[in-house]
Amino acid sequence: KKMEKMKKLLEKFKDELFAEKFECVNCSDEVLKENKYHLCDDCYDNLDFIHISCRKCGDKVNEYTFYCNNCKEIEHNFDRVFCCSKFDGVAKHMIYKLKYGEAKYLARIMATFMAEKFEEACREKVDLIIPVPLSRERLRNRGYNQSELIANHLSKLLNIETHNSVLRVKDTPTQTHLSRDERRANLLGAFDVSDKDILKGKTVLLIDDVCTTGATMDEISKVLRKCKVNKILGLTFCHA
């Protein structure tokens with residue numbers, strides 16, 4: 001009975017205790033050498049890293065242009081977003097495991113990549129980290145906000161305070177299959193700010209798991225601008 005109880009206890013906490021220590025966090029193959037990303041060589045090599053990026057939304061571009069086609073057409077409310085990888089293959093699988101598979105330990109792995117990207121690409125001094133909030137319904141169903149988990153790890157890695165001052169005040173349908181314009185319309189009036197005074201004059205870093213069209217960052221930035229923030233930056237693990 002004692003052994004059975006111990007087995008159940010280990011099974012309950014295996015994600016937090018073991019998953020990232022003995023096997024690849026993406027494919028579960030054995031990791032033969034310790035590394036801070038806890039990915040096997042194959043999975044790491046199949047991440048589509050963004051080395052040359054759009055100077056606005058962080059999407060992957062070639063060396064001959066400063067802005068992606070999307071950012072050439074529209075004006076964003078944020079100053080700049082930085083992204084680690086394209087949203088495909090290994091990165092996409094990791095995001096899905098974090099959001100829908102309760103693999104919360106992946107938030108720390110993503111935060112490690114994101115902290116390195118931020119320190120490499122950004123020269124700004126950031127005062128506050130702000131996670132993109134989930135709707136109340138999604139938070140209730142999922143049990144956690146993946147962006148907040150990532151933000152909390154980033155706060156420790158970058159030594160920057162996290163502040164949950166942005167609130168989602170309107171539940172909106174999923175944006176997965178919406179066009180750029182539909183995404184923007186869907187998010188109108190979805191966000192508000194709880195503590196405006198703490199934001200005045202600050203440079204803030206918005207944290208999300210994925211950036212697609214930048215519509216979420218834009219709508220949040222719109223309400224942050226009213227608080228007279230100094231600068232609005234964004235940081236995500238992926239760009240779709």
# chains A, B, ... in the order shown; residues from 1 in each chain; ligands from 1
call {"tool": "residues_around", "arguments": {"residues": "A:Ile232", "least_positions_apart": "6", "cutoff": "12 Å", "atoms": "only C-alpha atoms", "output": "MDAnalysis selection string"}}
result
chainID A and resid 56:57 76:82 124:130 199:207 217:225
call {"tool": "write_last_selection", "arguments": {"atoms": "N, CA, C and O atoms", "output": "CSV table (one decimal), in the first residue's frame"}}
result
chain,number,residue,atom,x,y,z
A,56,LYS,N,9.0,46.1,-36.5
A,56,LYS,CA,7.8,46.5,-35.8
A,56,LYS,C,7.2,45.3,-35.1
A,56,LYS,O,7.1,45.2,-33.8
A,57,CYS,N,6.8,44.2,-35.8
A,57,CYS,CA,6.0,43.1,-35.2
A,57,CYS,C,6.9,41.9,-34.9
A,57,CYS,O,6.4,41.0,-34.2
A,76,HIS,N,0.8,50.4,-36.1
A,76,HIS,CA,0.6,49.7,-34.9
A,76,HIS,C,0.6,50.7,-33.7
A,76,HIS,O,1.2,51.8,-33.8
A,77,ASN,N,-0.1,50.3,-32.6
A,77,ASN,CA,0.0,51.2,-31.4
A,77,ASN,C,1.1,50.9,-30.5
A,77,ASN,O,1.5,51.7,-29.7
A,78,PHE,N,1.8,49.7,-30.7
A,78,PHE,CA,3.0,49.4,-29.9
A,78,PHE,C,4.2,49.9,-30.6
A,78,PHE,O,4.2,50.2,-31.8
A,79,ASP,N,5.3,49.9,-29.9
A,79,ASP,CA,6.6,50.4,-30.5
A,79,ASP,C,7.3,49.3,-31.2
A,79,ASP,O,7.8,49.5,-32.3
A,80,ARG,N,7.4,48.1,-30.6
A,80,ARG,CA,8.1,47.0,-31.3
A,80,ARG,C,7.8,45.7,-30.5
A,80,ARG,O,7.7,45.7,-29.3
A,81,VAL,N,7.8,44.6,-31.3
A,81,VAL,CA,7.7,43.2,-30.7
A,81,VAL,C,8.8,42.4,-31.1
A,81,VAL,O,9.3,42.5,-32.2
A,82,PHE,N,9.3,41.5,-30.2
A,82,PHE,CA,10.4,40.6,-30.4
A,82,PHE,C,9.9,39.2,-30.3
A,82,PHE,O,9.1,38.9,-29.4
A,124,GLU,N,16.4,48.6,-24.8
A,124,GLU,CA,15.6,49.5,-23.9
A,124,GLU,C,15.7,49.0,-22.5
A,124,GLU,O,15.7,47.8,-22.2
A,125,LYS,N,15.6,50.0,-21.6
A,125,LYS,CA,15.4,49.6,-20.1
A,125,LYS,C,13.9,49.5,-19.9
A,125,LYS,O,13.1,50.5,-20.0
A,126,VAL,N,13.5,48.3,-19.5
A,126,VAL,CA,12.1,48.0,-19.2
A,126,VAL,C,11.8,48.2,-17.7
A,126,VAL,O,12.5,47.6,-16.9
A,127,ASP,N,10.6,48.8,-17.4
A,127,ASP,CA,10.3,49.0,-16.0
A,127,ASP,C,9.3,47.9,-15.5
A,127,ASP,O,9.4,47.5,-14.3
A,128,LEU,N,8.4,47.5,-16.4
A,128,LEU,CA,7.4,46.5,-15.9
A,128,LEU,C,7.1,45.5,-17.0
A,128,LEU,O,7.1,45.8,-18.2
A,129,ILE,N,6.9,44.2,-16.6
A,129,ILE,CA,6.5,43.2,-17.4
A,129,ILE,C,5.0,43.0,-17.2
A,129,ILE,O,4.5,42.9,-16.1
A,130,ILE,N,4.2,42.9,-18.3
A,130,ILE,CA,2.7,42.8,-18.2
A,130,ILE,C,2.3,41.6,-19.1
A,130,ILE,O,2.5,41.6,-20.3
A,199,LEU,N,1.6,53.1,-14.3
A,199,LEU,CA,2.1,53.0,-15.6
A,199,LEU,C,2.6,54.3,-16.2
A,199,LEU,O,3.4,54.2,-17.2
A,200,LYS,N,2.3,55.4,-15.7
A,200,LYS,CA,2.6,56.7,-16.3
A,200,LYS,C,4.2,56.8,-16.4
A,200,LYS,O,4.9,56.6,-15.4
A,201,GLY,N,4.6,57.1,-17.6
A,201,GLY,CA,6.1,57.3,-17.8
A,201,GLY,C,6.9,56.1,-17.9
A,201,GLY,O,8.1,56.2,-18.0
A,202,LYS,N,6.3,54.9,-17.8
A,202,LYS,CA,7.0,53.6,-17.7
A,202,LYS,C,7.2,53.1,-19.1
A,202,LYS,O,6.4,53.3,-20.0
A,203,THR,N,8.3,52.3,-19.3
A,203,THR,CA,8.4,51.4,-20.5
A,203,THR,C,8.0,50.0,-20.1
A,203,THR,O,8.5,49.5,-19.1
A,204,VAL,N,7.0,49.5,-20.8
A,204,VAL,CA,6.4,48.2,-20.4
A,204,VAL,C,6.7,47.1,-21.5
A,204,VAL,O,6.9,47.5,-22.7
A,205,LEU,N,6.8,45.9,-21.0
A,205,LEU,CA,7.0,44.8,-21.9
A,205,LEU,C,5.8,43.8,-21.8
A,205,LEU,O,5.6,43.2,-20.8
A,206,LEU,N,5.0,43.7,-22.9
A,206,LEU,CA,3.9,42.8,-23.0
A,206,LEU,C,4.3,41.4,-23.3
A,206,LEU,O,5.1,41.3,-24.2
A,207,ILE,N,3.8,40.4,-22.6
A,207,ILE,CA,4.2,39.1,-22.8
A,207,ILE,C,3.1,38.2,-23.3
A,207,ILE,O,2.0,38.2,-22.7
A,217,MET,N,-1.8,42.8,-29.2
A,217,MET,CA,-0.9,43.8,-28.7
A,217,MET,C,-1.3,45.2,-29.0
A,217,MET,O,-1.2,46.1,-28.2
A,218,ASP,N,-1.9,45.4,-30.2
A,218,ASP,CA,-2.4,46.7,-30.6
A,218,ASP,C,-3.5,47.2,-29.7
A,218,ASP,O,-3.5,48.3,-29.2
A,219,GLU,N,-4.5,46.3,-29.4
A,219,GLU,CA,-5.7,46.7,-28.6
A,219,GLU,C,-5.2,47.0,-27.2
A,219,GLU,O,-5.7,48.0,-26.6
A,220,ILE,N,-4.3,46.2,-26.6
A,220,ILE,CA,-3.8,46.5,-25.3
A,220,ILE,C,-3.0,47.8,-25.3
A,220,ILE,O,-3.2,48.6,-24.4
A,221,SER,N,-2.2,48.0,-26.3
A,221,SER,CA,-1.4,49.2,-26.4
A,221,SER,C,-2.3,50.5,-26.5
A,221,SER,O,-1.9,51.5,-26.0
A,222,LYS,N,-3.4,50.3,-27.1
A,222,LYS,CA,-4.4,51.5,-27.2
A,222,LYS,C,-4.8,52.0,-25.8
A,222,LYS,O,-4.8,53.2,-25.6
A,223,VAL,N,-5.1,51.0,-24.9
A,223,VAL,CA,-5.5,51.5,-23.6
A,223,VAL,C,-4.3,51.9,-22.7
A,223,VAL,O,-4.4,52.8,-21.9
A,224,LEU,N,-3.1,51.3,-23.0
A,224,LEU,CA,-1.9,51.7,-22.3
A,224,LEU,C,-1.5,53.1,-22.7
A,224,LEU,O,-1.0,53.9,-21.8
A,225,ARG,N,-1.7,53.5,-23.9
A,225,ARG,CA,-1.3,54.8,-24.4
A,225,ARG,C,-2.1,55.9,-23.6
A,225,ARG,O,-1.6,57.0,-23.3
call {"tool": "residues_around", "arguments": {"residues": "A:Asn35", "least_positions_apart": "2", "cutoff": "12 Å", "atoms": "only C-alpha atoms", "output": "PDB file with N, CA and C atoms, in the first residue's frame"}}
result
ATOM      1  N   GLU A  20      11.174  17.588 -17.587  1.00  0.00           N
ATOM      2  CA  GLU A  20      12.217  18.363 -18.240  1.00  0.00           C
ATOM      3  C   GLU A  20      13.613  17.896 -17.846  1.00  0.00           C
ATOM      4  N   LYS A  21      13.723  16.920 -16.959  1.00  0.00           N
ATOM      5  CA  LYS A  21      15.043  16.508 -16.487  1.00  0.00           C
ATOM      6  C   LYS A  21      15.568  15.258 -17.185  1.00  0.00           C
ATOM      7  N   PHE A  22      14.663  14.378 -17.617  1.00  0.00           N
ATOM      8  CA  PHE A  22      15.109  13.104 -18.141  1.00  0.00           C
ATOM      9  C   PHE A  22      14.728  12.873 -19.593  1.00  0.00           C
ATOM     10  N   GLU A  23      13.848  13.710 -20.134  1.00  0.00           N
ATOM     11  CA  GLU A  23      13.441  13.511 -21.510  1.00  0.00           C
ATOM     12  C   GLU A  23      13.168  14.845 -22.187  1.00  0.00           C
ATOM     13  N   CYS A  24      13.206  14.829 -23.505  1.00  0.00           N
ATOM     14  CA  CYS A  24      12.938  16.027 -24.284  1.00  0.00           C
ATOM     15  C   CYS A  24      11.527  16.517 -23.974  1.00  0.00           C
ATOM     16  N   VAL A  25      11.376  17.807 -23.684  1.00  0.00           N
ATOM     17  CA  VAL A  25      10.061  18.339 -23.316  1.00  0.00           C
ATOM     18  C   VAL A  25       9.115  18.391 -24.504  1.00  0.00           C
ATOM     19  N   VAL A  31      17.050  12.663 -23.355  1.00  0.00           N
ATOM     20  CA  VAL A  31      18.058  13.701 -23.553  1.00  0.00           C
ATOM     21  C   VAL A  31      19.364  13.184 -22.957  1.00  0.00           C
ATOM     22  N   LEU A  32      20.357  12.962 -23.802  1.00  0.00           N
ATOM     23  CA  LEU A  32      21.591  12.313 -23.370  1.00  0.00           C
ATOM     24  C   LEU A  32      22.562  13.273 -22.697  1.00  0.00           C
ATOM     25  N   LYS A  33      22.421  14.558 -22.979  1.00  0.00           N
ATOM     26  CA  LYS A  33      23.282  15.525 -22.306  1.00  0.00           C
ATOM     27  C   LYS A  33      22.432  16.668 -21.775  1.00  0.00           C
ATOM     28  N   TYR A  37      17.597  24.082 -22.217  1.00  0.00           N
ATOM     29  CA  TYR A  37      16.318  24.085 -22.916  1.00  0.00           C
ATOM     30  C   TYR A  37      15.566  22.768 -22.740  1.00  0.00           C
ATOM     31  N   HIS A  38      16.251  21.723 -22.300  1.00  0.00           N
ATOM     32  CA  HIS A  38      15.648  20.410 -22.109  1.00  0.00           C
ATOM     33  C   HIS A  38      14.987  19.902 -23.384  1.00  0.00           C
ATOM     34  N   LEU A  39      15.648  20.155 -24.507  1.00  0.00           N
ATOM     35  CA  LEU A  39      15.221  19.655 -25.806  1.00  0.00           C
ATOM     36  C   LEU A  39      16.304  18.736 -26.356  1.00  0.00           C
ATOM     37  N   CYS A  40      15.882  17.696 -27.072  1.00  0.00           N
ATOM     38  CA  CYS A  40      16.867  16.861 -27.749  1.00  0.00           C
ATOM     39  C   CYS A  40      17.453  17.644 -28.925  1.00  0.00           C
ATOM     40  N   ASP A  41      18.551  17.154 -29.471  1.00  0.00           N
ATOM     41  CA  ASP A  41      19.213  17.864 -30.573  1.00  0.00           C
ATOM     42  C   ASP A  41      18.298  18.031 -31.780  1.00  0.00           C
ATOM     43  N   TYR A  44      15.622  20.767 -31.076  1.00  0.00           N
ATOM     44  CA  TYR A  44      16.251  22.094 -31.056  1.00  0.00           C
ATOM     45  C   TYR A  44      16.589  22.542 -32.476  1.00  0.00           C
ATOM     46  N   ILE A 109      10.753  26.897 -20.051  1.00  0.00           N
ATOM     47  CA  ILE A 109      11.619  26.676 -21.206  1.00  0.00           C
ATOM     48  C   ILE A 109      11.449  27.824 -22.198  1.00  0.00           C
ATOM     49  N   THR A 112      13.079  30.976 -21.045  1.00  0.00           N
ATOM     50  CA  THR A 112      14.534  30.948 -21.220  1.00  0.00           C
ATOM     51  C   THR A 112      14.915  31.443 -22.613  1.00  0.00           C
TER      52      THR A 112
END
call {"tool": "select_by_dssp", "arguments": {"residues": "stretch 23-229 of chain A", "states": "strand (DSSP E or B)", "output": "ChimeraX atom specification"}}
result
/A:23,30,49,53,60,80-86,128-131,161-162,166-168,191-193,203-211
call {"tool": "write_last_selection", "arguments": {"atoms": "N, CA and C atoms", "output": "compact mmCIF listing (two decimals), in the first residue's frame"}}
result
# COMPACT_ATOMS: atom_id res chain seq x y z
N GLU A 23 13.85 13.71 -20.13
CA GLU A 23 13.44 13.51 -21.51
C GLU A 23 13.17 14.85 -22.19
N GLU A 30 14.80 10.49 -24.97
CA GLU A 30 15.80 10.68 -23.92
C GLU A 30 16.79 11.77 -24.30
N PHE A 49 14.16 29.54 -35.83
CA PHE A 49 14.48 30.78 -35.13
C PHE A 49 14.39 32.00 -36.05
N SER A 53 14.42 40.12 -38.29
CA SER A 53 13.00 40.31 -38.01
C SER A 53 12.50 41.68 -38.45
N LYS A 60 9.52 37.13 -39.19
CA LYS A 60 10.72 36.82 -39.95
C LYS A 60 10.69 37.54 -41.30
N ARG A 80 7.42 48.10 -30.59
CA ARG A 80 8.11 46.99 -31.25
C ARG A 80 7.84 45.69 -30.50
N VAL A 81 7.81 44.58 -31.25
CA VAL A 81 7.66 43.25 -30.67
C VAL A 81 8.85 42.38 -31.10
N PHE A 82 9.32 41.55 -30.17
CA PHE A 82 10.41 40.62 -30.44
C PHE A 82 9.88 39.19 -30.32
N CYS A 83 10.23 38.32 -31.25
CA CYS A 83 9.76 36.93 -31.26
C CYS A 83 10.93 35.99 -31.47
N CYS A 84 10.86 34.83 -30.84
CA CYS A 84 11.97 33.87 -30.92
C CYS A 84 11.93 33.00 -32.16
N SER A 85 10.75 32.44 -32.48
CA SER A 85 10.65 31.40 -33.50
C SER A 85 9.37 31.55 -34.30
N LYS A 86 9.35 30.98 -35.48
CA LYS A 86 8.10 30.88 -36.24
C LYS A 86 7.20 29.83 -35.58
N LEU A 128 8.39 47.48 -16.37
CA LEU A 128 7.37 46.52 -15.94
C LEU A 128 7.11 45.47 -17.00
N ILE A 129 6.91 44.24 -16.57
CA ILE A 129 6.46 43.16 -17.45
C ILE A 129 4.96 42.97 -17.23
N ILE A 130 4.19 42.94 -18.33
CA ILE A 130 2.74 42.78 -18.24
C ILE A 130 2.29 41.60 -19.11
N PRO A 131 1.74 40.54 -18.53
CA PRO A 131 1.24 39.42 -19.34
C PRO A 131 -0.08 39.77 -20.00
N GLU A 161 10.00 43.58 -12.56
CA GLU A 161 8.74 43.30 -11.85
C GLU A 161 7.61 42.99 -12.83
N THR A 162 6.80 41.98 -12.47
CA THR A 162 5.59 41.67 -13.23
C THR A 162 4.40 42.39 -12.60
N VAL A 166 -3.21 44.98 -16.77
CA VAL A 166 -4.12 44.91 -17.91
C VAL A 166 -5.17 43.83 -17.65
N LEU A 167 -6.43 44.18 -17.79
CA LEU A 167 -7.54 43.27 -17.53
C LEU A 167 -8.30 43.00 -18.83
N ARG A 168 -8.81 41.79 -18.95
CA ARG A 168 -9.68 41.46 -20.08
C ARG A 168 -11.10 41.63 -19.60
N PHE A 191 -10.12 45.20 -23.49
CA PHE A 191 -9.14 45.37 -22.42
C PHE A 191 -9.32 46.69 -21.67
N ASP A 192 -8.89 46.67 -20.43
CA ASP A 192 -8.87 47.89 -19.61
C ASP A 192 -7.66 47.80 -18.68
N VAL A 193 -7.39 48.86 -17.96
CA VAL A 193 -6.24 48.92 -17.05
C VAL A 193 -6.73 49.19 -15.64
N THR A 203 8.26 52.27 -19.30
CA THR A 203 8.43 51.43 -20.48
C THR A 203 7.99 50.03 -20.09
N VAL A 204 7.00 49.49 -20.80
CA VAL A 204 6.41 48.21 -20.43
C VAL A 204 6.71 47.15 -21.49
N LEU A 205 6.75 45.90 -21.04
CA LEU A 205 7.00 44.75 -21.92
C LEU A 205 5.81 43.81 -21.84
N LEU A 206 5.01 43.75 -22.91
CA LEU A 206 3.86 42.85 -22.96
C LEU A 206 4.33 41.44 -23.32
N ILE A 207 3.83 40.44 -22.60
CA ILE A 207 4.24 39.05 -22.81
C ILE A 207 3.06 38.22 -23.30
N ASP A 208 3.28 37.50 -24.40
CA ASP A 208 2.28 36.57 -24.91
C ASP A 208 3.01 35.35 -25.46
N ASP A 209 2.27 34.26 -25.69
CA ASP A 209 2.91 33.07 -26.24
C ASP A 209 3.12 33.19 -27.75
N VAL A 210 2.11 33.74 -28.46
CA VAL A 210 2.17 33.83 -29.92
C VAL A 210 1.70 35.20 -30.39
N CYS A 211 2.38 35.75 -31.38
CA CYS A 211 1.92 36.96 -32.07
C CYS A 211 1.54 36.54 -33.49
call {"tool": "atom_distance", "arguments": {"atom1": "atom CA of A:Leu149", "atom2": "atom CA of A:Leu188"}}
result
25.2 Å
call {"tool": "atom_distance", "arguments": {"atom1": "atom CA of A:Cys71", "atom2": "atom CA of A:Ile50"}}
result
16.5 Å
call {"tool": "residues_around", "arguments": {"residues": "A:Thr174", "least_positions_apart": "2", "cutoff": "12 Å", "atoms": "only C-alpha atoms", "output": "mmCIF file with all heavy atoms, in the first residue's frame"}}
result
data_model
loop_
_atom_site.group_PDB
_atom_site.id
_atom_site.type_symbol
_atom_site.label_atom_id
_atom_site.label_comp_id
_atom_site.auth_asym_id
_atom_site.auth_seq_id
_atom_site.Cartn_x
_atom_site.Cartn_y
_atom_site.Cartn_z
ATOM 1 N N LEU A 134 -6.064 36.457 -20.151
ATOM 2 C CA LEU A 134 -7.045 35.563 -20.777
ATOM 3 C C LEU A 134 -8.455 36.029 -20.430
ATOM 4 O O LEU A 134 -8.673 36.731 -19.433
ATOM 5 C CB LEU A 134 -6.874 34.138 -20.248
ATOM 6 C CG LEU A 134 -5.878 33.193 -20.910
ATOM 7 C CD1 LEU A 134 -6.006 31.821 -20.262
ATOM 8 C CD2 LEU A 134 -6.065 33.095 -22.400
ATOM 9 N N SER A 135 -9.416 35.624 -21.236
ATOM 10 C CA SER A 135 -10.810 35.868 -20.879
ATOM 11 C C SER A 135 -11.149 35.022 -19.646
ATOM 12 O O SER A 135 -10.508 34.006 -19.377
ATOM 13 C CB SER A 135 -11.735 35.489 -22.031
ATOM 14 O OG SER A 135 -11.733 34.089 -22.229
ATOM 15 N N GLU A 137 -13.647 33.098 -19.146
ATOM 16 C CA GLU A 137 -14.100 31.753 -19.504
ATOM 17 C C GLU A 137 -12.925 30.834 -19.812
ATOM 18 O O GLU A 137 -12.869 29.700 -19.340
ATOM 19 C CB GLU A 137 -15.032 31.816 -20.715
ATOM 20 C CG GLU A 137 -15.603 30.465 -21.111
ATOM 21 C CD GLU A 137 -16.514 30.544 -22.320
ATOM 22 O OE1 GLU A 137 -16.759 31.659 -22.813
ATOM 23 O OE2 GLU A 137 -16.967 29.480 -22.764
ATOM 24 N N ARG A 138 -11.944 31.337 -20.598
ATOM 25 C CA ARG A 138 -10.789 30.500 -20.931
ATOM 26 C C ARG A 138 -9.936 30.234 -19.699
ATOM 27 O O ARG A 138 -9.393 29.140 -19.542
ATOM 28 C CB ARG A 138 -9.947 31.172 -22.019
ATOM 29 C CG ARG A 138 -10.584 31.111 -23.392
ATOM 30 C CD ARG A 138 -9.599 31.367 -24.513
ATOM 31 N NE ARG A 138 -10.304 31.593 -25.761
ATOM 32 C CZ ARG A 138 -10.652 32.781 -26.227
ATOM 33 N NH1 ARG A 138 -10.344 33.862 -25.535
ATOM 34 N NH2 ARG A 138 -11.301 32.902 -27.364
ATOM 35 N N ASP A 171 -15.257 38.937 -22.850
ATOM 36 C CA ASP A 171 -14.941 37.632 -23.432
ATOM 37 C C ASP A 171 -15.150 37.703 -24.941
ATOM 38 O O ASP A 171 -16.190 38.164 -25.406
ATOM 39 C CB ASP A 171 -15.834 36.544 -22.838
ATOM 40 C CG ASP A 171 -15.432 36.183 -21.418
ATOM 41 O OD1 ASP A 171 -14.316 36.556 -21.027
ATOM 42 O OD2 ASP A 171 -16.234 35.553 -20.712
ATOM 43 N N THR A 172 -14.158 37.254 -25.684
ATOM 44 C CA THR A 172 -14.242 37.309 -27.144
ATOM 45 C C THR A 172 -14.088 35.914 -27.727
ATOM 46 O O THR A 172 -13.400 35.066 -27.150
ATOM 47 C CB THR A 172 -13.134 38.213 -27.723
ATOM 48 O OG1 THR A 172 -11.865 37.770 -27.241
ATOM 49 C CG2 THR A 172 -13.350 39.658 -27.311
ATOM 50 N N THR A 176 -8.558 32.135 -33.803
ATOM 51 C CA THR A 176 -7.763 31.198 -34.606
ATOM 52 C C THR A 176 -8.034 31.298 -36.103
ATOM 53 O O THR A 176 -7.110 31.315 -36.907
ATOM 54 C CB THR A 176 -8.027 29.752 -34.129
ATOM 55 O OG1 THR A 176 -7.788 29.682 -32.723
ATOM 56 C CG2 THR A 176 -7.103 28.785 -34.844
ATOM 57 N N HIS A 177 -9.290 31.377 -36.487
ATOM 58 C CA HIS A 177 -9.628 31.325 -37.916
ATOM 59 C C HIS A 177 -10.081 32.688 -38.459
ATOM 60 O O HIS A 177 -10.690 32.747 -39.534
ATOM 61 C CB HIS A 177 -10.715 30.276 -38.159
ATOM 62 C CG HIS A 177 -10.331 28.904 -37.701
ATOM 63 N ND1 HIS A 177 -9.286 28.196 -38.255
ATOM 64 C CD2 HIS A 177 -10.824 28.120 -36.711
ATOM 65 C CE1 HIS A 177 -9.162 27.024 -37.651
ATOM 66 N NE2 HIS A 177 -10.083 26.951 -36.702
ATOM 67 N N LEU A 178 -9.781 33.756 -37.739
ATOM 68 C CA LEU A 178 -10.207 35.084 -38.175
ATOM 69 C C LEU A 178 -9.125 35.770 -39.003
ATOM 70 O O LEU A 178 -7.933 35.556 -38.800
ATOM 71 C CB LEU A 178 -10.544 35.957 -36.959
ATOM 72 C CG LEU A 178 -11.670 35.461 -36.034
ATOM 73 C CD1 LEU A 178 -11.900 36.466 -34.924
ATOM 74 C CD2 LEU A 178 -12.954 35.217 -36.820
ATOM 75 N N SER A 179 -9.560 36.629 -39.910
ATOM 76 C CA SER A 179 -8.623 37.423 -40.705
ATOM 77 C C SER A 179 -8.059 38.551 -39.850
ATOM 78 O O SER A 179 -8.502 38.777 -38.716
ATOM 79 C CB SER A 179 -9.337 38.019 -41.917
ATOM 80 O OG SER A 179 -10.287 38.988 -41.493
ATOM 81 N N GLU A 182 -10.826 41.014 -39.013
ATOM 82 C CA GLU A 182 -11.774 40.400 -38.092
ATOM 83 C C GLU A 182 -11.211 40.307 -36.682
ATOM 84 O O GLU A 182 -11.934 40.487 -35.690
ATOM 85 C CB GLU A 182 -12.157 39.007 -38.590
ATOM 86 C CG GLU A 182 -13.055 39.029 -39.824
ATOM 87 C CD GLU A 182 -13.248 37.655 -40.440
ATOM 88 O OE1 GLU A 182 -12.367 36.770 -40.239
ATOM 89 O OE2 GLU A 182 -14.263 37.454 -41.136
ATOM 90 N N ARG A 183 -9.913 40.036 -36.574
ATOM 91 C CA ARG A 183 -9.266 39.979 -35.266
ATOM 92 C C ARG A 183 -9.342 41.336 -34.568
ATOM 93 O O ARG A 183 -9.628 41.424 -33.371
ATOM 94 C CB ARG A 183 -7.801 39.559 -35.410
ATOM 95 C CG ARG A 183 -7.594 38.078 -35.696
ATOM 96 C CD ARG A 183 -6.159 37.774 -36.083
ATOM 97 N NE ARG A 183 -5.982 36.362 -36.408
ATOM 98 C CZ ARG A 183 -5.478 35.459 -35.592
ATOM 99 N NH1 ARG A 183 -5.083 35.814 -34.383
ATOM 100 N NH2 ARG A 183 -5.356 34.204 -35.962
ATOM 101 N N ASN A 186 -12.876 42.019 -33.464
ATOM 102 C CA ASN A 186 -13.217 41.108 -32.377
ATOM 103 C C ASN A 186 -12.716 41.605 -31.022
ATOM 104 O O ASN A 186 -13.339 41.355 -29.986
ATOM 105 C CB ASN A 186 -12.622 39.724 -32.682
ATOM 106 C CG ASN A 186 -13.056 38.655 -31.705
ATOM 107 O OD1 ASN A 186 -14.225 38.572 -31.334
ATOM 108 N ND2 ASN A 186 -12.121 37.827 -31.277
ATOM 109 N N LEU A 187 -11.599 42.322 -31.026
ATOM 110 C CA LEU A 187 -10.960 42.726 -29.778
ATOM 111 C C LEU A 187 -11.319 44.143 -29.309
ATOM 112 O O LEU A 187 -10.859 44.575 -28.249
ATOM 113 C CB LEU A 187 -9.432 42.634 -29.936
ATOM 114 C CG LEU A 187 -8.865 41.211 -30.011
ATOM 115 C CD1 LEU A 187 -7.424 41.236 -30.480
ATOM 116 C CD2 LEU A 187 -8.971 40.505 -28.672
ATOM 117 N N THR A 216 -3.885 41.751 -30.837
ATOM 118 C CA THR A 216 -4.000 41.747 -29.377
ATOM 119 C C THR A 216 -3.066 42.786 -28.761
ATOM 120 O O THR A 216 -3.481 43.570 -27.894
ATOM 121 C CB THR A 216 -3.685 40.351 -28.812
ATOM 122 O OG1 THR A 216 -4.596 39.397 -29.362
ATOM 123 C CG2 THR A 216 -3.804 40.334 -27.296
#
